[in-house]
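Undergrad: mmCIF, C-alpha atoms, saved as data-v1.cif, coming up:
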data_start
#
loop_
_atom_site.label_atom_id
_atom_site.label_comp_id
_atom_site.auth_asym_id
_atom_site.auth_seq_id
_atom_site.Cartn_x
_atom_site.Cartn_y
_atom_site.Cartn_z
CA MET J 1 -43.98 1.72 -3.55
CA GLU J 2 -41.09 3.14 -5.56
CA LYS J 3 -38.62 0.76 -7.18
CA ILE J 4 -34.90 1.56 -7.12
CA TYR J 5 -32.05 -0.19 -8.93
CA PHE J 6 -28.38 0.06 -7.88
CA ILE J 7 -25.68 -0.53 -10.51
CA GLY J 8 -22.65 -1.85 -8.58
CA ILE J 9 -24.71 -2.66 -5.49
CA ASN J 10 -22.01 -4.65 -3.66
CA GLY J 11 -19.71 -1.66 -3.22
CA ILE J 12 -19.38 -0.52 0.38
CA GLY J 13 -21.02 2.85 -0.28
CA MET J 14 -23.72 1.56 -2.62
CA SER J 15 -24.70 -1.35 -0.37
CA GLY J 16 -25.13 0.97 2.59
CA LEU J 17 -27.57 3.15 0.69
CA ALA J 18 -29.40 0.09 -0.66
CA LYS J 19 -29.97 -1.07 2.93
CA ILE J 20 -31.24 2.34 3.99
CA MET J 21 -33.67 2.56 1.06
CA LYS J 22 -34.90 -0.99 1.68
CA ASN J 23 -35.54 -0.13 5.33
CA LYS J 24 -37.44 2.96 4.20
CA GLY J 25 -39.86 0.73 2.34
CA TYR J 26 -38.57 0.93 -1.21
CA GLU J 27 -38.36 -2.09 -3.49
CA VAL J 28 -34.64 -2.51 -4.16
CA GLU J 29 -32.68 -4.52 -6.71
CA GLY J 30 -29.18 -4.20 -8.08
CA SER J 31 -26.32 -5.82 -9.93
CA ASP J 32 -22.62 -6.42 -9.47
CA LEU J 33 -19.99 -8.51 -11.22
CA SER J 34 -18.63 -10.01 -8.02
CA ARG J 35 -20.06 -10.96 -4.67
CA SER J 36 -18.73 -9.46 -1.44
CA TYR J 37 -19.32 -9.89 2.27
CA VAL J 38 -22.35 -7.55 2.03
CA THR J 39 -24.14 -9.55 -0.67
CA ASN J 40 -25.56 -12.15 1.70
CA GLU J 41 -26.83 -9.42 4.01
CA LEU J 42 -28.56 -7.63 1.15
CA GLU J 43 -30.20 -10.84 -0.01
CA SER J 44 -31.31 -11.69 3.53
CA MET J 45 -33.12 -8.35 3.57
CA GLY J 46 -35.01 -9.27 0.40
CA VAL J 47 -32.83 -7.31 -2.02
CA VAL J 48 -32.37 -9.04 -5.39
CA VAL J 49 -28.70 -8.96 -6.46
CA HIS J 50 -28.01 -9.86 -10.08
CA PRO J 51 -24.53 -11.28 -10.87
CA GLU J 52 -24.22 -9.46 -14.22
CA HIS J 53 -24.91 -6.04 -15.69
CA LYS J 54 -27.62 -6.85 -18.24
CA VAL J 55 -30.47 -4.92 -19.84
CA GLU J 56 -32.80 -7.79 -18.89
CA ASN J 57 -32.29 -6.95 -15.21
CA ILE J 58 -34.22 -3.68 -15.54
CA GLU J 59 -36.11 -3.92 -18.83
CA GLY J 60 -39.87 -3.58 -18.35
CA LYS J 61 -39.71 -3.75 -14.55
CA GLY J 62 -40.86 -0.20 -13.89
CA PHE J 63 -37.89 1.13 -11.95
CA ASP J 64 -38.39 4.72 -10.88
CA MET J 65 -34.74 5.50 -10.22
CA ILE J 66 -31.32 4.12 -11.10
CA ILE J 67 -28.47 4.71 -8.64
CA ALA J 68 -24.97 4.61 -10.11
CA SER J 69 -21.56 5.16 -8.55
CA SER J 70 -18.98 7.35 -10.24
CA ALA J 71 -17.17 4.17 -11.33
CA ILE J 72 -20.03 3.21 -13.67
CA LYS J 73 -19.33 4.23 -17.26
CA ARG J 74 -21.77 5.42 -19.93
CA ASP J 75 -21.34 2.19 -21.90
CA ASN J 76 -22.59 0.03 -19.02
CA PRO J 77 -25.63 -1.77 -20.56
CA GLU J 78 -27.94 -0.98 -17.63
CA TYR J 79 -26.85 2.64 -17.48
CA ASP J 80 -27.21 2.97 -21.24
CA TYR J 81 -30.70 1.47 -21.14
CA ALA J 82 -31.76 3.92 -18.39
CA VAL J 83 -30.49 6.87 -20.44
CA ARG J 84 -32.24 5.75 -23.61
CA HIS J 85 -35.55 5.11 -21.84
CA GLY J 86 -35.61 8.22 -19.70
CA ILE J 87 -35.30 6.52 -16.32
CA LYS J 88 -34.05 8.96 -13.68
CA ILE J 89 -30.35 8.38 -12.91
CA VAL J 90 -28.96 9.58 -9.58
CA LYS J 91 -25.34 9.40 -8.49
CA ARG J 92 -24.57 7.52 -5.29
CA GLY J 93 -23.24 10.65 -3.61
CA GLU J 94 -26.30 12.62 -4.68
CA LEU J 95 -28.68 10.11 -3.08
CA LEU J 96 -26.65 10.08 0.13
CA ALA J 97 -26.75 13.88 0.25
CA MET J 98 -30.51 13.94 -0.37
CA LEU J 99 -31.04 11.72 2.67
CA LEU J 100 -28.54 13.52 4.89
CA ASN J 101 -29.75 17.01 4.01
CA GLU J 102 -33.24 16.17 5.30
CA GLU J 103 -31.88 15.39 8.79
CA THR J 104 -29.42 16.76 11.32
CA GLY J 105 -26.47 15.72 9.19
CA ILE J 106 -23.00 15.01 10.57
CA ALA J 107 -20.70 14.62 7.57
CA VAL J 108 -17.10 13.42 7.95
CA ALA J 109 -14.71 14.54 5.22
CA GLY J 110 -10.95 14.50 4.63
CA THR J 111 -8.33 12.78 2.53
CA HIS J 112 -7.77 10.20 5.27
CA GLY J 113 -9.58 9.04 8.37
CA LYS J 114 -13.16 9.41 7.13
CA THR J 115 -14.21 5.84 7.77
CA THR J 116 -12.57 5.56 11.19
CA THR J 117 -13.92 8.91 12.38
CA SER J 118 -17.45 8.39 11.07
CA SER J 119 -17.47 4.83 12.45
CA MET J 120 -16.29 6.11 15.82
CA ALA J 121 -19.01 8.77 15.80
CA ALA J 122 -21.63 6.15 14.95
CA THR J 123 -20.41 3.84 17.73
CA VAL J 124 -20.25 6.57 20.36
CA MET J 125 -23.68 7.94 19.40
CA LEU J 126 -25.55 4.65 18.96
CA GLY J 127 -27.68 5.59 21.97
CA LEU J 128 -29.15 8.43 19.91
CA ASP J 129 -30.33 5.89 17.28
CA PRO J 130 -28.85 7.77 14.29
CA THR J 131 -29.06 6.75 10.68
CA ILE J 132 -25.58 5.57 9.68
CA VAL J 133 -23.84 5.22 6.31
CA VAL J 134 -20.11 4.59 6.64
CA GLY J 135 -17.37 2.98 4.58
CA GLY J 136 -16.65 0.04 6.85
CA ILE J 137 -18.45 -2.69 8.73
CA LEU J 138 -19.23 -1.68 12.31
CA PRO J 139 -19.10 -4.66 14.71
CA GLU J 140 -21.73 -2.99 16.92
CA ILE J 141 -24.37 -3.17 14.16
CA GLY J 142 -22.76 -5.85 11.99
CA SER J 143 -23.15 -3.64 8.95
CA ASN J 144 -22.01 -0.47 7.21
CA ALA J 145 -25.43 1.14 7.41
CA LYS J 146 -28.41 1.48 9.71
CA ALA J 147 -31.73 3.27 9.40
CA GLY J 148 -32.28 5.12 12.66
CA THR J 149 -35.40 6.67 14.14
CA SER J 150 -33.85 9.93 15.38
CA LYS J 151 -33.07 13.15 13.51
CA TYR J 152 -29.32 12.42 13.41
CA PHE J 153 -27.61 11.18 10.22
CA ILE J 154 -23.91 10.24 10.31
CA ALA J 155 -22.14 9.71 6.99
CA GLU J 156 -18.84 9.92 5.17
CA ALA J 157 -18.43 12.79 2.73
CA ASP J 158 -16.49 11.66 -0.35
CA GLU J 159 -14.20 14.20 -1.98
CA SER J 160 -12.80 11.79 -4.57
CA ASP J 161 -15.42 12.74 -7.17
CA ASN J 162 -16.64 15.94 -5.45
CA SER J 163 -19.91 14.23 -4.54
CA PHE J 164 -19.61 15.69 -1.04
CA LEU J 165 -20.55 19.02 -2.57
CA TYR J 166 -24.14 17.78 -2.82
CA MET J 167 -24.19 17.86 0.98
CA HIS J 168 -25.37 20.71 3.21
CA PRO J 169 -24.80 19.17 6.66
CA GLU J 170 -25.53 20.81 9.98
CA TYR J 171 -22.11 19.70 11.24
CA SER J 172 -18.98 18.56 9.44
CA ILE J 173 -15.64 17.13 10.51
CA ILE J 174 -12.62 17.57 8.23
CA THR J 175 -9.68 15.39 9.22
CA ASN J 176 -7.11 16.66 6.69
CA ILE J 177 -6.53 17.81 3.12
CA GLU J 178 -3.82 16.32 0.90
CA ALA J 179 -3.11 15.65 -2.73
CA ASP J 180 -5.06 12.59 -3.83
CA HIS J 181 -7.41 11.62 -6.64
CA LEU J 182 -5.42 13.93 -8.89
CA ASP J 183 -6.73 12.01 -11.88
CA THR J 184 -10.08 13.66 -11.05
CA HIS J 185 -9.08 16.98 -9.46
CA GLY J 186 -5.94 17.71 -11.45
CA THR J 187 -4.25 19.84 -8.78
CA LEU J 188 -4.10 20.24 -5.02
CA GLU J 189 -5.45 23.76 -5.49
CA ASN J 190 -8.65 22.32 -6.97
CA ILE J 191 -9.02 19.97 -4.01
CA VAL J 192 -8.67 22.88 -1.59
CA LYS J 193 -11.33 24.82 -3.51
CA SER J 194 -13.73 21.90 -3.13
CA PHE J 195 -13.14 21.70 0.61
CA SER J 196 -13.59 25.45 0.85
CA GLN J 197 -17.03 25.12 -0.74
CA PHE J 198 -17.85 22.19 1.57
CA ILE J 199 -17.05 24.37 4.60
CA ASP J 200 -19.28 27.14 3.23
CA GLN J 201 -22.13 24.66 2.77
CA THR J 202 -21.96 23.40 6.36
CA LYS J 203 -24.69 25.18 8.29
CA LYS J 204 -23.55 25.25 11.93
CA GLN J 205 -20.07 24.02 12.88
CA VAL J 206 -17.02 22.74 11.03
CA PHE J 207 -14.45 20.80 13.05
CA VAL J 208 -10.98 21.17 11.55
CA CYS J 209 -7.78 19.38 12.55
CA ASP J 210 -5.03 21.86 13.34
CA GLU J 211 -2.34 19.24 12.63
CA CYS J 212 -2.95 19.71 8.91
CA GLU J 213 -1.30 22.91 7.71
CA ILE J 214 -3.35 23.13 4.51
CA LEU J 215 -6.60 22.74 6.41
CA GLU J 216 -5.50 25.17 9.12
CA LYS J 217 -4.75 27.87 6.54
CA LEU J 218 -8.05 27.30 4.77
CA ALA J 219 -9.97 27.56 8.06
CA GLU J 220 -8.34 30.93 8.75
CA THR J 221 -10.19 32.35 5.73
CA LYS J 222 -13.59 31.28 7.07
CA ASP J 223 -16.06 32.63 9.61
CA PRO J 224 -14.37 32.00 12.99
CA GLU J 225 -17.78 31.52 14.63
CA LYS J 226 -18.28 28.42 12.49
CA ILE J 227 -14.82 26.87 12.90
CA VAL J 228 -13.96 24.54 15.81
CA ARG J 229 -10.28 23.60 15.93
CA TYR J 230 -8.95 20.38 17.46
CA SER J 231 -5.36 19.32 18.17
CA ILE J 232 -2.96 17.26 20.25
CA MET J 233 -0.15 19.80 19.83
CA ASP J 234 -1.78 23.23 20.17
CA LYS J 235 -3.15 23.91 23.64
CA ASN J 236 -4.94 26.96 22.27
CA ALA J 237 -7.20 24.79 20.11
CA ASP J 238 -10.90 24.63 20.99
CA ILE J 239 -10.54 20.89 21.67
CA TYR J 240 -7.22 19.58 22.91
CA ALA J 241 -5.83 16.22 24.06
CA ASP J 242 -3.28 16.33 26.88
CA ASN J 243 -1.33 13.92 29.12
CA ILE J 244 -1.24 11.19 26.49
CA GLU J 245 -0.10 7.77 27.79
CA ILE J 246 0.35 4.60 25.72
CA HIS J 247 0.54 1.35 27.66
CA ASP J 248 -0.34 -2.31 26.97
CA GLY J 249 -2.06 -1.57 23.67
CA LYS J 250 -4.24 1.23 24.97
CA THR J 251 -3.96 5.01 24.76
CA SER J 252 -5.30 7.25 27.53
CA TYR J 253 -5.57 11.04 27.37
CA ASP J 254 -7.28 14.05 28.92
CA VAL J 255 -9.73 16.00 26.78
CA MET J 256 -9.91 19.76 27.21
CA ILE J 257 -12.73 21.80 25.62
CA ASP J 258 -12.41 25.59 25.68
CA GLY J 259 -9.62 25.21 28.23
CA LYS J 260 -11.74 23.13 30.64
CA PHE J 261 -11.08 19.52 31.61
CA VAL J 262 -13.87 17.27 30.29
CA GLY J 263 -12.58 13.83 31.26
CA ARG J 264 -10.00 11.14 30.64
CA PHE J 265 -10.66 8.83 27.72
CA THR J 266 -9.10 5.55 26.57
CA LEU J 267 -8.75 4.15 23.06
CA TYR J 268 -7.93 0.56 22.21
CA ILE J 269 -6.92 1.30 18.62
CA PRO J 270 -3.35 2.51 18.05
CA GLY J 271 -2.01 5.80 16.76
CA LYS J 272 -2.13 9.44 17.75
CA HIS J 273 -4.18 10.09 14.61
CA ASN J 274 -6.98 8.16 16.29
CA ILE J 275 -6.80 10.43 19.32
CA LEU J 276 -7.32 13.30 16.90
CA ASN J 277 -10.22 11.47 15.26
CA SER J 278 -11.91 11.08 18.64
CA LEU J 279 -11.84 14.74 19.68
CA PRO J 280 -14.66 16.15 17.50
CA VAL J 281 -16.66 12.98 18.15
CA ILE J 282 -16.46 13.54 21.93
CA TYR J 283 -17.38 17.21 21.51
CA LEU J 284 -20.44 16.45 19.37
CA ALA J 285 -21.62 13.59 21.60
CA LEU J 286 -21.60 15.98 24.55
CA GLU J 287 -23.30 18.64 22.42
CA PHE J 288 -26.09 16.18 21.56
CA GLY J 289 -26.73 15.39 25.21
CA LEU J 290 -24.89 12.12 25.86
CA ASP J 291 -23.32 11.95 29.31
CA ARG J 292 -19.57 11.73 29.73
CA GLU J 293 -19.59 8.21 31.22
CA GLU J 294 -21.49 6.78 28.26
CA ILE J 295 -19.09 8.45 25.83
CA GLN J 296 -16.07 7.12 27.73
CA THR J 297 -17.52 3.60 27.70
CA ASN J 298 -18.31 3.68 23.98
CA ILE J 299 -14.89 5.11 23.08
CA GLU J 300 -13.31 2.18 24.90
CA LYS J 301 -15.59 -0.27 23.08
CA PHE J 302 -14.60 1.06 19.69
CA ARG J 303 -12.15 -1.28 17.97
CA GLY J 304 -12.28 0.26 14.54
CA SER J 305 -14.32 -0.82 11.54
CA LYS J 306 -13.66 -3.74 9.26
CA ARG J 307 -10.34 -3.37 7.40
CA ARG J 308 -9.04 -0.73 9.84
CA TYR J 309 -6.32 -2.44 11.84
CA ASP J 310 -8.49 -5.54 11.69
CA ILE J 311 -6.68 -8.34 13.56
CA LEU J 312 -7.54 -11.59 11.78
CA TYR J 313 -5.12 -13.92 13.57
CA ASN J 314 -3.12 -13.57 16.77
CA ARG J 315 -1.54 -16.75 18.12
CA ASN J 316 1.86 -18.39 18.48
CA GLY J 317 3.68 -15.07 18.17
CA ILE J 318 2.16 -14.44 14.74
CA LYS J 319 -0.32 -11.66 14.05
CA VAL J 320 -2.16 -11.04 10.78
CA ILE J 321 -3.65 -7.56 10.36
CA ASP J 322 -5.87 -6.38 7.53
CA ASP J 323 -5.85 -2.62 6.88
CA TYR J 324 -7.32 -0.39 4.19
CA ALA J 325 -4.41 2.11 4.17
CA HIS J 326 -3.30 2.83 0.61
CA HIS J 327 -2.33 6.53 0.52
CA PRO J 328 1.24 7.23 1.75
CA THR J 329 0.03 9.32 4.69
CA GLU J 330 -2.41 6.61 5.78
CA ILE J 331 0.30 3.97 5.58
CA LYS J 332 2.72 6.07 7.61
CA ALA J 333 0.16 6.82 10.33
CA THR J 334 -0.94 3.19 10.56
CA LEU J 335 2.63 1.95 10.88
CA GLN J 336 3.46 4.58 13.50
CA GLY J 337 0.49 3.38 15.50
CA ALA J 338 1.53 -0.24 15.03
CA LYS J 339 5.06 0.42 16.26
CA SER J 340 3.64 1.92 19.47
CA ILE J 341 1.92 -1.34 20.44
CA GLU J 342 3.48 -4.21 18.48
CA HIS J 343 6.61 -5.89 19.83
CA GLU J 344 7.52 -8.19 16.94
CA LYS J 345 9.04 -7.29 13.58
CA ILE J 346 6.57 -6.01 11.01
CA THR J 347 6.26 -7.27 7.45
CA VAL J 348 3.97 -5.21 5.22
CA ILE J 349 2.32 -6.87 2.25
CA PHE J 350 1.21 -3.91 0.15
CA GLN J 351 -1.07 -3.86 -2.86
CA PRO J 352 -0.77 -0.43 -4.54
CA HIS J 353 -4.14 1.02 -5.56
CA ARG J 354 -4.58 2.58 -9.01
CA TYR J 355 -1.82 3.36 -11.49
CA SER J 356 -2.65 7.06 -11.27
CA ARG J 357 -2.17 7.20 -7.48
CA VAL J 358 1.20 5.45 -7.70
CA LYS J 359 2.25 7.78 -10.50
CA PHE J 360 1.18 11.07 -8.91
CA LEU J 361 2.23 10.21 -5.35
CA LEU J 362 5.31 8.13 -6.09
CA ASN J 363 7.80 10.22 -4.12
CA ASN J 364 5.41 10.41 -1.15
CA PHE J 365 5.89 6.68 -0.62
CA LYS J 366 9.56 7.23 0.27
CA ASP J 367 9.02 7.50 4.03
CA ALA J 368 5.59 5.86 4.23
CA PHE J 369 6.87 2.43 5.25
CA ARG J 370 9.28 3.57 7.92
CA GLY J 371 8.88 1.17 10.84
CA ALA J 372 8.42 -1.94 8.72
CA GLU J 373 11.32 -4.37 8.60
CA GLU J 374 10.20 -5.88 5.31
CA ILE J 375 7.88 -4.74 2.50
CA ILE J 376 6.40 -7.08 -0.09
CA LEU J 377 4.88 -5.36 -3.12
CA LEU J 378 2.04 -7.07 -4.96
CA PRO J 379 0.87 -6.12 -8.47
CA ILE J 380 -0.98 -2.79 -8.73
CA TYR J 381 -4.74 -3.10 -8.30
CA SER J 382 -6.16 -1.18 -11.26
CA ALA J 383 -9.65 -0.42 -9.88
CA GLY J 384 -10.78 -0.27 -13.49
CA GLU J 385 -8.00 2.05 -14.68
CA LYS J 386 -6.04 1.35 -17.82
CA ASP J 387 -2.30 0.83 -17.46
CA GLU J 388 -1.42 4.03 -19.29
CA PHE J 389 0.51 6.00 -16.67
CA GLY J 390 3.91 4.44 -17.33
CA VAL J 391 4.55 3.45 -13.71
CA ARG J 392 5.99 0.11 -12.56
CA LEU J 393 6.43 -1.67 -9.25
CA GLU J 394 10.17 -1.27 -9.72
CA ASP J 395 9.67 2.52 -9.53
CA LEU J 396 7.91 2.14 -6.20
CA LYS J 397 10.56 -0.22 -4.90
CA GLY J 398 13.24 2.28 -5.85
CA VAL J 399 11.78 5.18 -3.85
CA ILE J 400 11.15 3.14 -0.70
CA ASP J 401 14.24 1.15 0.26
CA GLU J 402 15.44 -1.54 -2.08
CA SER J 403 17.26 -3.36 0.71
CA LYS J 404 14.04 -4.33 2.49
CA VAL J 405 11.57 -4.41 -0.42
CA TYR J 406 10.89 -7.20 -2.81
CA ILE J 407 8.26 -7.68 -5.51
CA GLU J 408 6.00 -10.71 -5.54
CA PRO J 409 4.27 -10.93 -8.92
CA ASN J 410 2.18 -13.93 -7.82
CA PRO J 411 -0.04 -13.18 -4.79
CA GLU J 412 -0.71 -16.90 -4.38
CA LYS J 413 2.86 -17.34 -3.13
CA ILE J 414 2.27 -15.09 -0.12
CA ASP J 415 0.49 -17.94 1.67
CA GLU J 416 3.44 -20.26 1.18
CA LYS J 417 5.96 -17.68 2.38
CA ILE J 418 4.14 -16.91 5.62
CA LEU J 419 3.20 -20.51 6.42
CA ASN J 420 6.82 -21.62 6.00
CA GLU J 421 8.25 -18.98 8.34
CA ASP J 422 8.68 -20.01 11.95
CA ASN J 423 9.75 -16.71 13.48
CA GLN J 424 7.41 -14.46 15.42
CA LYS J 425 6.21 -11.60 13.28
CA VAL J 426 3.40 -9.15 12.53
CA TYR J 427 2.06 -9.37 8.96
CA MET J 428 0.20 -6.24 7.87
CA PHE J 429 -1.82 -6.58 4.67
CA MET J 430 -2.40 -3.05 3.35
CA GLY J 431 -4.32 -1.73 0.37
CA ALA J 432 -7.74 -0.79 -0.94
CA GLY J 433 -8.09 -3.52 -3.56
CA ASP J 434 -8.77 -7.23 -3.09
CA ILE J 435 -5.79 -7.81 -0.79
CA SER J 436 -8.22 -8.41 2.08
CA LYS J 437 -9.10 -11.74 0.50
CA ILE J 438 -5.42 -12.76 0.69
CA ALA J 439 -5.21 -11.68 4.34
CA HIS J 440 -8.27 -13.72 5.28
CA ARG J 441 -7.00 -16.72 3.34
CA VAL J 442 -3.64 -16.59 5.13
CA ALA J 443 -5.34 -16.24 8.52
CA GLU J 444 -7.51 -19.28 7.82
CA LYS J 445 -4.49 -21.36 6.81
CA LEU J 446 -2.62 -20.34 9.96
CA GLU J 447 -5.61 -21.43 12.00
CA GLY J 448 -5.41 -24.81 10.30
CA LYS J 449 -1.65 -25.10 10.72
CA TYR J 450 -1.64 -24.40 14.46
CA ARG J 451 -4.96 -26.03 15.34
#
Please express the file's structure as C-alpha cells.
TA:
Amino acid sequence: MEKIYFIGINGIGMSGLAKIMKNKGYEVEGSDLSRSYVTNELESMGVVVHPEHKVENIEGKGFDMIIASSAIKRDNPEYDYAVRHGIKIVKRGELLAMLLNEETGIAVAGTHGKTTTSSMAATVMLGLDPTIVVGGILPEIGSNAKAGTSKYFIAEADESDNSFLYMHPEYSIITNIEADHLDTHGTLENIVKSFSQFIDQTKKQVFVCDECEILEKLAETKDPEKIVRYSIMDKNADIYADNIEIHDGKTSYDVMIDGKFVGRFTLYIPGKHNILNSLPVIYLALEFGLDREEIQTNIEKFRGSKRRYDILYNRNGIKVIDDYAHHPTEIKATLQGAKSIEHEKITVIFQPHRYSRVKFLLNNFKDAFRGAEEIILLPIYSAGEKDEFGVRLEDLKGVIDESKVYIEPNPEKIDEKILNEDNQKVYMFMGAGDISKIAHRVAEKLEGKYR
C-alpha cells in the first residue's frame, strides 16, 4: 500500500483528492494549520490530520509521495524535508489531472462559474456514478468529492496557477475568460494563451459560452468540429435557452439543441448565468445516455453547492446568504440573480480577497455592487500575500459609491449591527476568505434571538 501525505490537506481542493486517494486504498495523512468543515470527515475516514507543518509528521514514515498545493512555499518544513530526502513531490493539480486523464474526463474551466457548473454536472449525472472532485460541498453526497465506479470523472480545471494544463480531458466546459490572477499570469493575453492550450488538449468536445466575447473570439480560431457553442442570446448557438420565465424564486426555460426542442427545465437557483451553466450539463447528460425526465428532475433538485447562494437563515423577514463571489463579475452576476428573486433591501458584507486582486481589478468593482442598497467592506483577506501592493479599502470605497459604502475594520461588530436592526433585509456575505465563519455566526445568533 502506497503512503501519501498532503501538505495543506484541509483546503477544498486538497481534501477532495485526499478522500479519493483514501477510497482508492492508499494510506493518507496530511497537515494544516487550521481545521475546517472537511477535517472531521477526513478523520472519520481514517485520515490522520496533523495541526502543524512539522518535519516530525513525515520523518521516517516511508511516504511515497507528497502532494502540495501551489500555496505551499519552498520554506515549508515538510516540503523542505521532502526535497532534501528525495521524496516525490506532486502538485495538487498534477495529481488531479493524473486521475482524470485515466478516465472519461469532464473538466470545467473558466474564470467564474467552475464550482457551480461542475457541481451541477455532478448532481445531474449522479446516476452514472462518476468520480467527483469539485470546489464546494454537494448536499447530495455531503462532500466535495466521491470515488465513483464508472468511467466518468467530473472535476474543476483551475487556471489560477495553470495547473489545468496538466489535463487532457475528453470533454471540457469553459464558462468565460477574464482578467484574474494577474499576479501569476501577468496579462490577460497570457491567460488567453493558457485557455487556448487547454482547448487544444481537450480530445473530443469543448463547450464554450457565447456570452463571453473573449472566449467566443478564441473559439473561432479552433477546429469547428470540436467547438460546441451555448447561449441565451444567440439562437444560432448549438445549445440555446429560450422562453425564459422567472417566477416565485424559480427560473423555467426551453432548451434547444441544434435547433430542436429538447424540453423545458426549471432551476431553483437565481441568475441567468446559472441558465448558461446548465446548458452544457444538459447536453452532456443526454449524450451520456440519461433520459430527459431524470435530467429535468435533477436540475430541479440542484440548489447549488456550499457557499454558492447558501441560505443560512430565512425567518422574520431576515435572510442571511453566504456566497463565495469575490471577483467583480461574480459579484455582479450574483447580485443580479438576487434582485430577480429577493423582495427586501440587500446589504452586502464584502471581504475583499487578496491585495493583488483588489489592486489589479480595482476599477472593475465600480459597477459590481449595483443592486445592493448598502455595502459593508471588511479588511482585505490576504490569503498569504504580503501587503505590498499599495491598495487600501478607501480606494475600493471610492470606486464603488461612497454614499452607500462604509468600512468596518472590526468584523466582530457585524454581529451587533445585524442583531440590532429590526427592519426586514437580505444580508449577503460575499468573499473567498474566512467571511463564511462570520455569516454562520450571525445566522446562529439570529436563531437564538428569534427562537
Undergrad: Can you tell me, as a PyMOL selection string, what residues are no more than 12 Å from J:Gly186 when counting only C-alpha atoms, ignoring any on the same chain fewer than 3 positions away?
TA: chain J and resi 160-161+179-183+189-193+356-357+360
Undergrad: Report the distance between atom CA of J:Ile282 and atom CA of J:Val255 in Å, rounded to one decimal place.
TA: 8.7 Å
Undergrad: Residues at most 9 Å from J:Gly13, counting all atoms listed in the file, excluding those fewer than 6 positions away in the same chain, as a PyMOL selection string?
TA: chain J and resi 69+92-93+133-136+144
Undergrad: Name the residues captured by the PyMOL selection byres ((chain J and resi 96-109) around 6) when it is applied to the shown file; answer as a PDB file with C-alpha atoms, in the frame of the given file.
TA:
ATOM      1  CA  GLY J  93     -23.240  10.650  -3.610  1.00  0.00           C
ATOM      2  CA  GLU J  94     -26.300  12.620  -4.680  1.00  0.00           C
ATOM      3  CA  LEU J  95     -28.680  10.110  -3.080  1.00  0.00           C
ATOM      4  CA  GLY J 110     -10.950  14.500   4.630  1.00  0.00           C
ATOM      5  CA  LYS J 114     -13.160   9.410   7.130  1.00  0.00           C
ATOM      6  CA  SER J 118     -17.450   8.390  11.070  1.00  0.00           C
ATOM      7  CA  LYS J 151     -33.070  13.150  13.510  1.00  0.00           C
ATOM      8  CA  TYR J 152     -29.320  12.420  13.410  1.00  0.00           C
ATOM      9  CA  PHE J 153     -27.610  11.180  10.220  1.00  0.00           C
ATOM     10  CA  ILE J 154     -23.910  10.240  10.310  1.00  0.00           C
ATOM     11  CA  ALA J 155     -22.140   9.710   6.990  1.00  0.00           C
ATOM     12  CA  GLU J 156     -18.840   9.920   5.170  1.00  0.00           C
ATOM     13  CA  ALA J 157     -18.430  12.790   2.730  1.00  0.00           C
ATOM     14  CA  TYR J 166     -24.140  17.780  -2.820  1.00  0.00           C
ATOM     15  CA  MET J 167     -24.190  17.860   0.980  1.00  0.00           C
ATOM     16  CA  HIS J 168     -25.370  20.710   3.210  1.00  0.00           C
ATOM     17  CA  PRO J 169     -24.800  19.170   6.660  1.00  0.00           C
ATOM     18  CA  GLU J 170     -25.530  20.810   9.980  1.00  0.00           C
ATOM     19  CA  TYR J 171     -22.110  19.700  11.240  1.00  0.00           C
ATOM     20  CA  SER J 172     -18.980  18.560   9.440  1.00  0.00           C
ATOM     21  CA  ILE J 173     -15.640  17.130  10.510  1.00  0.00           C
ATOM     22  CA  ILE J 174     -12.620  17.570   8.230  1.00  0.00           C
TER      23      ILE J 174
END
Undergrad: Could you expand the PyMOL selection byres ((chain J and resi 362-372) around 9) into the explicit residues it covers here, written as a count of residues only?
TA: 31
Undergrad: What does the PyMOL selection byres ((chain J and resi 430-437) around 8) select in this file, as a ChimeraX atom specification?
TA: /J:307,322-326,331,348-353,381,383,428-429,438-441
Undergrad: For the selection just defined, write its residues with C-alpha atoms to a file, as a PDB file, in the coordinates of the input.
TA:
ATOM      1  CA  ARG J 307     -10.340  -3.370   7.400  1.00  0.00           C
ATOM      2  CA  ASP J 322      -5.870  -6.380   7.530  1.00  0.00           C
ATOM      3  CA  ASP J 323      -5.850  -2.620   6.880  1.00  0.00           C
ATOM      4  CA  TYR J 324      -7.320  -0.390   4.190  1.00  0.00           C
ATOM      5  CA  ALA J 325      -4.410   2.110   4.170  1.00  0.00           C
ATOM      6  CA  HIS J 326      -3.300   2.830   0.610  1.00  0.00           C
ATOM      7  CA  ILE J 331       0.300   3.970   5.580  1.00  0.00           C
ATOM      8  CA  VAL J 348       3.970  -5.210   5.220  1.00  0.00           C
ATOM      9  CA  ILE J 349       2.320  -6.870   2.250  1.00  0.00           C
ATOM     10  CA  PHE J 350       1.210  -3.910   0.150  1.00  0.00           C
ATOM     11  CA  GLN J 351      -1.070  -3.860  -2.860  1.00  0.00           C
ATOM     12  CA  PRO J 352      -0.770  -0.430  -4.540  1.00  0.00           C
ATOM     13  CA  HIS J 353      -4.140   1.020  -5.560  1.00  0.00           C
ATOM     14  CA  TYR J 381      -4.740  -3.100  -8.300  1.00  0.00           C
ATOM     15  CA  ALA J 383      -9.650  -0.420  -9.880  1.00  0.00           C
ATOM     16  CA  MET J 428       0.200  -6.240   7.870  1.00  0.00           C
ATOM     17  CA  PHE J 429      -1.820  -6.580   4.670  1.00  0.00           C
ATOM     18  CA  ILE J 438      -5.420 -12.760   0.690  1.00  0.00           C
ATOM     19  CA  ALA J 439      -5.210 -11.680   4.340  1.00  0.00           C
ATOM     20  CA  HIS J 440      -8.270 -13.720   5.280  1.00  0.00           C
ATOM     21  CA  ARG J 441      -7.000 -16.720   3.340  1.00  0.00           C
TER      22      ARG J 441
END
Undergrad: Which residue is closest to J:Ala145? Choose from J:Glu41, J:Asp158, J:Glu444, J:Glu178 and count only C-alpha atoms.
TA: J:Glu41
Undergrad: Considering all atoms listed in the file, state which residue in the set J:Thr131, J:Thr175, J:Thr123, J:Gln201 is at the smallest distance from J:Ala285.
TA: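 Smallest distance to J:Ala285 is found for J:Thr123.
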Undergrad: Between atom CA of J:Thr297 and atom CA of J:Ser278, what is the distance, to one decimal in Å?
TA: 13.0 Å
Undergrad: How far is it from atom CA of J:Leu128 to atom CA of J:Ser150, in Å with one decimal?
TA: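 Straight-line distance from atom CA of J:Leu128 to atom CA of J:Ser150 works out to 6.7 Å.
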